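query-v8.txt (compact mmCIF, C-alpha atoms) appears below.
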# COMPACT_ATOMS: atom_id res chain seq x y z
CA MET A 438 -53.81 -178.54 -27.24
CA CYS A 439 -55.49 -181.92 -26.93
CA PRO A 440 -57.12 -182.76 -23.57
CA GLU A 441 -55.80 -185.77 -21.71
CA LEU A 442 -57.83 -189.00 -21.77
CA ASP A 443 -59.11 -188.68 -18.20
CA GLU A 444 -60.51 -185.19 -18.77
CA SER A 445 -64.15 -184.64 -19.66
CA HIS A 446 -66.09 -181.65 -20.90
CA GLU A 447 -68.99 -180.09 -19.02
CA HIS A 448 -70.80 -177.06 -20.42
CA GLY A 449 -67.81 -176.17 -22.60
CA LYS A 450 -65.31 -176.38 -19.73
CA THR A 451 -62.64 -179.01 -19.33
CA VAL A 452 -63.09 -180.93 -16.08
CA VAL A 453 -59.92 -182.39 -14.59
CA THR A 454 -59.28 -184.66 -11.64
CA ILE A 455 -57.25 -183.23 -8.77
CA PHE A 456 -56.47 -184.70 -5.36
CA VAL A 457 -56.89 -182.72 -2.13
CA ASN A 458 -55.63 -184.48 1.02
CA THR A 459 -55.80 -187.77 -0.94
CA ARG A 460 -59.47 -187.25 -1.90
CA GLU A 461 -60.32 -187.15 -5.60
CA GLN A 462 -62.06 -183.96 -6.71
CA LYS A 463 -63.36 -182.79 -10.10
CA TRP A 464 -62.37 -179.22 -11.04
CA ALA A 465 -63.70 -177.24 -14.03
CA GLU A 466 -61.80 -173.95 -13.68
CA LYS A 467 -58.38 -173.14 -15.15
CA GLU A 468 -57.05 -171.97 -11.77
CA ILE A 469 -57.68 -172.72 -8.12
CA THR A 470 -57.15 -170.35 -5.20
CA TYR A 471 -55.72 -170.92 -1.74
CA GLN A 472 -59.23 -170.51 -0.26
CA GLN A 473 -60.82 -172.94 -2.74
CA VAL A 474 -58.23 -175.63 -1.96
CA PHE A 475 -58.75 -175.10 1.78
CA ASP A 476 -62.53 -175.34 1.36
CA LEU A 477 -62.19 -178.63 -0.56
CA ALA A 478 -59.92 -180.03 2.15
CA PHE A 479 -62.06 -178.88 5.08
CA PRO A 480 -65.63 -178.18 3.92
CA ASN A 481 -67.65 -176.09 6.40
CA GLU A 482 -64.64 -175.73 8.72
CA PRO A 483 -63.29 -172.17 8.53
CA LEU A 484 -59.96 -171.30 10.07
CA VAL A 485 -60.26 -170.04 13.63
CA ASP A 486 -58.31 -166.95 14.72
CA GLY A 487 -54.69 -167.91 15.18
CA ASP A 488 -54.91 -171.12 13.12
CA VAL A 489 -52.71 -171.32 10.05
CA ALA A 490 -53.19 -173.45 6.91
CA ARG A 491 -50.19 -174.46 4.82
CA ILE A 492 -50.98 -175.65 1.29
CA GLU A 493 -48.41 -177.50 -0.80
CA TYR A 494 -48.93 -178.99 -4.24
CA SER A 495 -47.15 -181.39 -6.56
CA HIS A 496 -47.53 -182.36 -10.21
CA GLY A 497 -48.40 -178.73 -10.99
CA PRO A 498 -47.76 -176.96 -14.29
CA LYS A 499 -44.30 -175.95 -13.03
CA GLY A 500 -43.71 -178.86 -10.68
CA ASP A 501 -44.08 -178.53 -6.91
CA GLY A 502 -44.99 -175.40 -5.00
CA LYS A 503 -46.89 -173.71 -2.19
CA LEU A 504 -50.01 -171.56 -2.09
CA THR A 505 -50.36 -168.69 0.34
CA PRO A 506 -53.49 -166.64 1.13
CA GLY A 507 -54.60 -164.64 -1.89
CA GLU A 508 -52.66 -166.75 -4.40
CA SER A 509 -53.89 -169.09 -7.12
CA VAL A 510 -52.27 -171.66 -9.37
CA LYS A 511 -53.14 -173.08 -12.79
CA VAL A 512 -54.67 -176.53 -12.46
CA LYS A 513 -53.71 -179.61 -14.43
CA SER A 514 -54.98 -183.16 -14.36
CA ASP A 515 -53.75 -185.33 -11.46
CA MET A 516 -52.40 -182.36 -9.51
CA VAL A 517 -52.03 -183.15 -5.79
CA PHE A 518 -52.71 -180.68 -2.96
CA ASN A 519 -51.84 -181.28 0.69
CA VAL A 520 -53.40 -178.98 3.27
CA TYR A 521 -51.99 -178.84 6.81
CA VAL A 522 -53.61 -176.85 9.62
CA THR A 523 -51.62 -175.69 12.64
CA VAL A 524 -53.81 -174.95 15.65
CA ARG A 525 -52.43 -172.32 17.96
CA SER A 526 -53.63 -172.35 21.52

Just give me the structure as structure tokens.
Amino acid sequence: MCPELDESHEHGKTVVTIFVNTREQKWAEKEITYQQVFDLAFPNEPLVDGDVARIEYSHGPKGDGKLTPGESVKVKSDMVFNVYVTVRS
């Protein structure tokens, strides 16, 4: 399989561009987890008890989908992740 033009190689790994809450990110792993996406969206801001994060993605390997805690998805170039946090009071 030939890498796409916007992909680069770093230490033998293919680095792709993904978008998390509209911010461009470089990603060198084949998969990304729910927690990793959340951490990219909200660095240094852990979920507080009762808060819920909903993660949706588009342009994935099988189209659109959702990630739930404990899940991961294969990453492809230009994949888009949207992370929404619901604060419960």

What's the separation between atom CA of Asp501 of chain A and atom CA of Asp486 of chain A, in Å to one decimal place? 28.4 Å

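Of the listed residues (A:Thr470, A:Ala490, A:Phe479, A:Lys450), A:Ala490 comes nearest to Arg525 of chain A; the distances count only C-alpha atoms.
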
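Proximity to Thr454 of chain A was assessed for A:Asn519, A:Lys513, A:Gly502, A:Val524 counting only C-alpha atoms; the smallest distance is recorded for A:Lys513.
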
Top pick for closest residue to Val453 of chain A, considering A:Glu482, A:Gly497, A:Ser514, A:Glu508 and counting all atoms listed in the file: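 Using all atoms listed in the file, Val453 of chain A sits closest to A:Ser514.
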
Test item: residues at most 10 Å from segment 494-496 of chain A, all atoms listed in the file, excluding those fewer than 4 positions along its chain, as a PyMOL selection string: chain A and resi 455-457+500-504+510+512-520

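The two atoms in question, atom CA of Ile492 of chain A and atom CA of Tyr521 of chain A, are spaced 6.5 Å apart.
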
At what distance in Å, to one decimal, does atom CA of Leu484 of chain A lie from atom CA of Lys499 of chain A? 28.3 Å

Which one is closest to Asn458 of chain A: A:Pro506, A:Lys511, A:Asp488, A:Val522? Count all atoms listed in the file.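 Looking at the shortest contact to Asn458 of chain A, the residue is A:Val522.
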
Using all atoms listed in the file, pick whichever of A:Pro483, A:Val489, A:Thr505, A:Ala478 has the shortest atom-to-atom distance to Glu461 of chain A.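 Between A:Pro483, A:Val489, A:Thr505, A:Ala478, the residue approaching Glu461 of chain A most closely is A:Ala478.
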
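Among A:Pro498, A:Val452, A:Arg460, A:Arg491, the residue with the shortest atom-to-atom distance to Gln472 of chain A, counting all atoms listed in the file, is A:Arg491.
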